[in-house]
Amino acid sequence: MNDSLDMRFLAARKKYIEGRFSMLNDMQRQAVLTTEGPLLLLAGAGSGKTTVLINRIANLLRYGHGSEGKEIPDFVTEADVRFLEELSADPSENERVRADGLCALEPVKPWNIIAITFTNKAAGELRDRLETLLGEGAGDIWAMTFHSACCRILRRNIDRMGYTGSFTIYDSSDSERQMKEVLKDMGLDDKTFPPKYVLSVIGRQKDRLISPEEMLENSRGSSDLRLTQIAKAYAAYQKRLKDNNALDFDDILYVTVKLLQQEPEVREYYQRKFQYVLVDEYQDTNHVQYLLTSLLSGHWGNICVVGDDDQSIYRFRGATIENILSFEEQYPGARVIRLEQNYRSTQSILDAANAVIAHNLGRKGKHLWTARQGGAPILVYEASDESSEGNFVAGQILAGSKGRNFKDYAILYRTNAQSNALEYAFKRNGVPYKVIGGTRFFDRAEVKDMLSYLCVINNRTDDLRLARIVNNPPRGLGAKTIETVQRLAEAENKSLYDVLSDPYSYAPLEKSAQKLLQFSALIDGLAKLLEDGMSLPEFYDELLVRTGYADMLSSKPTEENKTRLENVRELKSSIHAYMANTAEPSLAGFLEEIALYTDLEQYSEGDNTVVMMTVHSAKGLEFPHVFLVGFEDGLFPGMRAIGDQEEMEEERRLCYVAITRAKETLTISHARQRMIYGRTSSALPSRFLREIPEECIEKRGGYRAEPQRSMTYEKRSVSSNGYLSGALRANSAPSAPLPDYNKGDMVMHAAFGRGLILSVVKMGGDALLEVAFDDIGTKKLMAKAAGAHMKKL
DNA sequence: CGCACCACAATTTTT
DNA sequence: TTGTGGTGCG
């Protein structure tokens with residue numbers, strides 16, 4: 001082929017590949033087709049970031065670097081060029097196959113791509129969407145979290161680092177318990193050295209790749225005397241973990257990076273393997289994660305990071321916005337593409353978001369826009385206190401939802417503690433809701449207990465987990481006995497299990513020998529079941545029975561124990577889920593999966609209920625209607641942030657995240673006074689409110705004339721003026737008379753429609769109604785609150 | 001060992 | 001106000 005034909009081919013190839021991504025907007029397409037070298041994708045909220053990621057991978061798999069490359073395969077003929085040039089926008093199947101063959105330039109193998117995310121949820125979604133788009137082969141792509149990717153590398157190669165491939169993973173509470181012991185052994189007072197704090201200091205060291213020895217060295221010149229102690233604790237802690245063949249979450253990254261740095265063979269293997277490295281949510285990466293991705297992409301240099309510096313809200317756990325801000329310096333020749341078209345929100349919402357975030361200095365700068373103009377203004381409501389705020393929100397939802405699409409609504413707040421007042425209001429008003437967050441499933445004591453049993457059965461030398469369960473349920477092996485065992489084990493450099501399963505060899509254990517043997521027989525007996533091929537779920541049932549754990553819970557059937565038993569049983573469904581996804585299920589495999597998969601209770605669209613969560617947990621989600629509550633100075637932004645530039649910018653980003661969750665409407669509320677730590681304190685509207693342009697806002701509420709009242713009186717009266725208060729002046733809302741509802745009355749409710757009162761139970765100055773609604777079934781409502789939305793027929 | 005009692009603290013959260 | 005963790009008693 002001659003030069004001009006070459007040019008024609010390149011143009012036609014580019015045009016064809018572009019055509020294959022015609023469903024994307026220009027910027028998105030550019031992001032997909034930019035395959036080579038470092039690429040920073042600044043993806044604004046709602047800009048179709050994941051779509052781009054998926055399509056970018058699809059492009060790599062189908063066309064390799066065809067969209068950018070200048071090479072031309074030898075087999076291309078003039079006829080081929082003409083064919084491509086004349087190809088219609090909507091080719092037939094055959095034409096498409098031929099064109100694909102012509103345009104593909106070293107298509108990438110799935111196993112040469114790694115796409116790293118933060119959460120298991122994100123990784124799972126990525127895998128699902130890849131599979132939908134690409135079919136089977138997608139499974140070979142490394143689409144996983146930082147931690148699971150590192151684990152996979154470590155399982156193969158960690159022996160070079162002084163651990164063995166069957167290492168266990170400590171979660172934060174395991175780490176804390178271990179650290180507590182370390183500090184106690186060192187004779188450090190846990191007031192001056194809170195385990196959590198010590199661990200966080202150590203975590204920062206690991207993030208900077210500083211070893212215990214280096215930290216000790218560094219601490220010598222320091223004015224903070226505690227640092228030397230912490231450095232020593234760091235060394236002792238690491239020794240313990242190594243002795244137990246355990247890694248904590250920070251170690252997983254730290255050791256992987258150390259391994260890749262120290263071992264050229266291992267490094268080169270993975271560097272060659274990963275031709276393309278993609279990193280999602282890059283604004284959330286910390287330093288060690290930067291090092292990891294930079295190492296992995298070290299050979300081919302094809303690193304694509306996707307993120308939004310304006311949505312970086314995890315500084316407190318080590319995320320550094322610097323990674324995104326200095327990407328271009330760290331990767332010379334990097335290209336930057338901004339995705340600013342938003343497909344989620346109305347213009348009013350985006351105007352507000354843009355205006356707020358523009359006040360930040362440390363940012364790359366972006367301006368979100370949407371093709372859909374207009375939209376309802378942002379409603380700003382001033383409530384008298386948190387209870388009236390709750391009633392307002394509940395009322396708005398009832399009025400807007402007509403009792404149907406509760407799942408279209410989300411309530412976002414800065415702190416978890418705020419959910420309480422809202423829950424009360426929602427219960428009073430009969431609005432179904434679900435609170436996301438709080439104690440997670442795998443953090444519950446009973447679940448950890450069962451997992452500890454499984455860990456010990458899987459690995460007898462897991463001292464930490466063994467200590468947890470050896471006397472749970474109580475077996476007469478009290479603290480004293482365990483301490484003795486620990487002392488003996490330490491002296492002989494053996495595991496706890498080694499000692500307690502052989503009590504007659506140790507004089508001090510004579511008294512408890514019988515009980516100790518019973519315990520080790522229990523563990524051995526259970527392990528035998530698995531060896532004999534019992535299935536995991538069956539085995540788990542047996543575990544519940546033989547350990548006496550199930551008995552312990554069911555013998556005292558308190559409400560609490562019932563939920564515990566449920567949780568313990570629920571773990572069995574995790575086992576089933578694991579079995580369903582795994583070719584060769586094993587206890588060890590299950591435990592490994594569980595160790596890195598802790599978020600069983602994340603938000604997923606399920607029931608038709610309103611959801612309540614912190615702004616942090618809402619990141620990445622979207623809802624038609626969003627309520628941002630508690631928008632007050634001191635709460636959002638929090639007290640700690642006021643007067644600290646960096647912190648304030650983080651709060652502002654958080655605010656930006658909150659605003660950009662909304663698709664159709666955003667309602668912001670703040671209360672004039674609020675109960676905090678049992679004290680009522682007054683508050684001013686958030687300073688961020690003033691950063692939202694006036695013309696985006698419609699104000700409501702306002703309680704200037706609200707008289708001071710006694711607590712109880714206040715609580716009851718606000719519910720009556722809750723959502724109607726925009727219309728009713730506060731002064732004209734005296735104590736609401738209890739509406740006269742009787743059993744058998746027909747009522748019409750604003751949201752739930754027609755209903756029949758089944759029962760009336762007087763409660764204080766109020767009454768609990770049970771109402772059978774024609775459309776949605778029976779509901780329990782408080783008469784006073786519900787009265788605002790309901791009339792007798 | 002289990003329970004009651006008191007002191008104390010208290011953003012945000014994933015792995 | 002709420003929840004947790006530690007201590008001391010029966």
# chains A, B, ... in the order shown; residues from 1 in each chain; ligands from 1
$ interface_residues --of "chain A" --to "chain C" --cutoff "10 Å" --atoms "only C-alpha atoms (C1' of nucleotides)" --output "ChimeraX atom specification"
/A:417,675-679
$ write_last_selection --atoms "C-alpha atoms" --output "compact mmCIF listing (two decimals), in the first residue's frame"
# COMPACT_ATOMS: atom_id res chain seq x y z
CA ALA A 417 -26.89 10.26 65.21
CA MET A 675 -30.54 18.47 70.71
CA ILE A 676 -26.85 17.53 70.71
CA TYR A 677 -25.44 15.24 73.38
CA GLY A 678 -28.55 15.77 75.41
CA ARG A 679 -28.26 19.53 75.31
$ select_by_dssp --residues "range 300-375 of chain A" --states "helix (DSSP H, G or I)" --output "list in words"
Asp309, Asp310, Gln311, Arg315, Phe316, Arg317, Glu322, Asn323, Ile324, Leu325, Phe327, Glu328, Glu329, Gln330, Gln347, Ser348, Ile349, Leu350, Asp351, Ala352, Ala353, Asn354, Ala355, Val356 and Ile357 of chain A
$ write_last_selection --atoms "C-alpha atoms" --output "PDB file, in the first residue's frame"
ATOM      1  CA  ASP A 309     -11.357  15.531  42.880  1.00  0.00           C
ATOM      2  CA  ASP A 310     -14.531  17.294  43.959  1.00  0.00           C
ATOM      3  CA  GLN A 311     -15.885  14.086  45.424  1.00  0.00           C
ATOM      4  CA  ARG A 315      -9.281  12.267  53.746  1.00  0.00           C
ATOM      5  CA  PHE A 316      -9.815  11.055  57.276  1.00  0.00           C
ATOM      6  CA  ARG A 317      -8.888   7.561  56.257  1.00  0.00           C
ATOM      7  CA  GLU A 322      -2.855  14.967  45.766  1.00  0.00           C
ATOM      8  CA  ASN A 323      -2.886  11.779  43.752  1.00  0.00           C
ATOM      9  CA  ILE A 324      -5.364  13.282  41.360  1.00  0.00           C
ATOM     10  CA  LEU A 325      -4.056  16.843  41.503  1.00  0.00           C
ATOM     11  CA  PHE A 327      -1.214  13.033  38.290  1.00  0.00           C
ATOM     12  CA  GLU A 328       0.221  14.986  35.384  1.00  0.00           C
ATOM     13  CA  GLU A 329       3.509  15.553  37.205  1.00  0.00           C
ATOM     14  CA  GLN A 330       3.727  11.952  38.334  1.00  0.00           C
ATOM     15  CA  GLN A 347     -29.967  22.349  35.905  1.00  0.00           C
ATOM     16  CA  SER A 348     -31.068  23.930  39.194  1.00  0.00           C
ATOM     17  CA  ILE A 349     -29.428  21.171  41.132  1.00  0.00           C
ATOM     18  CA  LEU A 350     -26.258  21.417  39.084  1.00  0.00           C
ATOM     19  CA  ASP A 351     -26.189  25.194  39.426  1.00  0.00           C
ATOM     20  CA  ALA A 352     -26.265  24.802  43.174  1.00  0.00           C
ATOM     21  CA  ALA A 353     -23.569  22.119  43.123  1.00  0.00           C
ATOM     22  CA  ASN A 354     -21.305  24.086  40.799  1.00  0.00           C
ATOM     23  CA  ALA A 355     -21.688  27.238  42.852  1.00  0.00           C
ATOM     24  CA  VAL A 356     -20.857  25.543  46.129  1.00  0.00           C
ATOM     25  CA  ILE A 357     -17.823  23.621  44.935  1.00  0.00           C
TER      26      ILE A 357
END
$ closest_atom_pairs --of "range 559-664 of chain A" --to "chain B" --cutoff "9 Å" --atoms "only C-alpha atoms (C1' of nucleotides)" --output "Markdown table"
| residue | atom | partner | partner_atom | distance |
| --- | --- | --- | --- | --- |
| A:Ala595 | CA | B:DT15 | C1' | 8.6 |
| A:Leu596 | CA | B:DT15 | C1' | 6.1 |
| A:Tyr597 | CA | B:DT15 | C1' | 7.9 |
| A:Thr598 | CA | B:DT15 | C1' | 8.0 |
| A:Asp599 | CA | B:DT14 | C1' | 8.7 |
| A:Thr614 | CA | B:DT12 | C1' | 8.0 |
| A:Val615 | CA | B:DT12 | C1' | 8.4 |
| A:His616 | CA | B:DT12 | C1' | 6.4 |
| A:Ser617 | CA | B:DT13 | C1' | 8.2 |
| A:Leu635 | CA | B:DT11 | C1' | 8.9 |
| A:Gly638 | CA | B:DT11 | C1' | 7.3 |
| A:Arg640 | CA | B:DT11 | C1' | 8.6 |
$ residues_around --residues "Arg20 in chain A" --least-positions-apart "6" --cutoff "12 Å" --atoms "only C-alpha atoms (C1' of nucleotides)" --output "list in words"
Arg13, Lys14, Arg29, Val32, Leu33, Asn55, Arg56, Ala58, Asn59, Arg62, Tyr63, Ser67, Ser88, Ala89, Asp90, Pro91, Arg96, Ala99, Asp100 and Cys103 of chain A
$ closest_residue --among "A:Lys619, A:His367, A:Arg204, A:Lys49" --to "chain B" --atoms "only C-alpha atoms (C1' of nucleotides)"
A:Lys619
$ atom_distance --atom1 "CA of Tyr497 in chain A" --atom2 "CA of Val198 in chain A"
28.7 Å
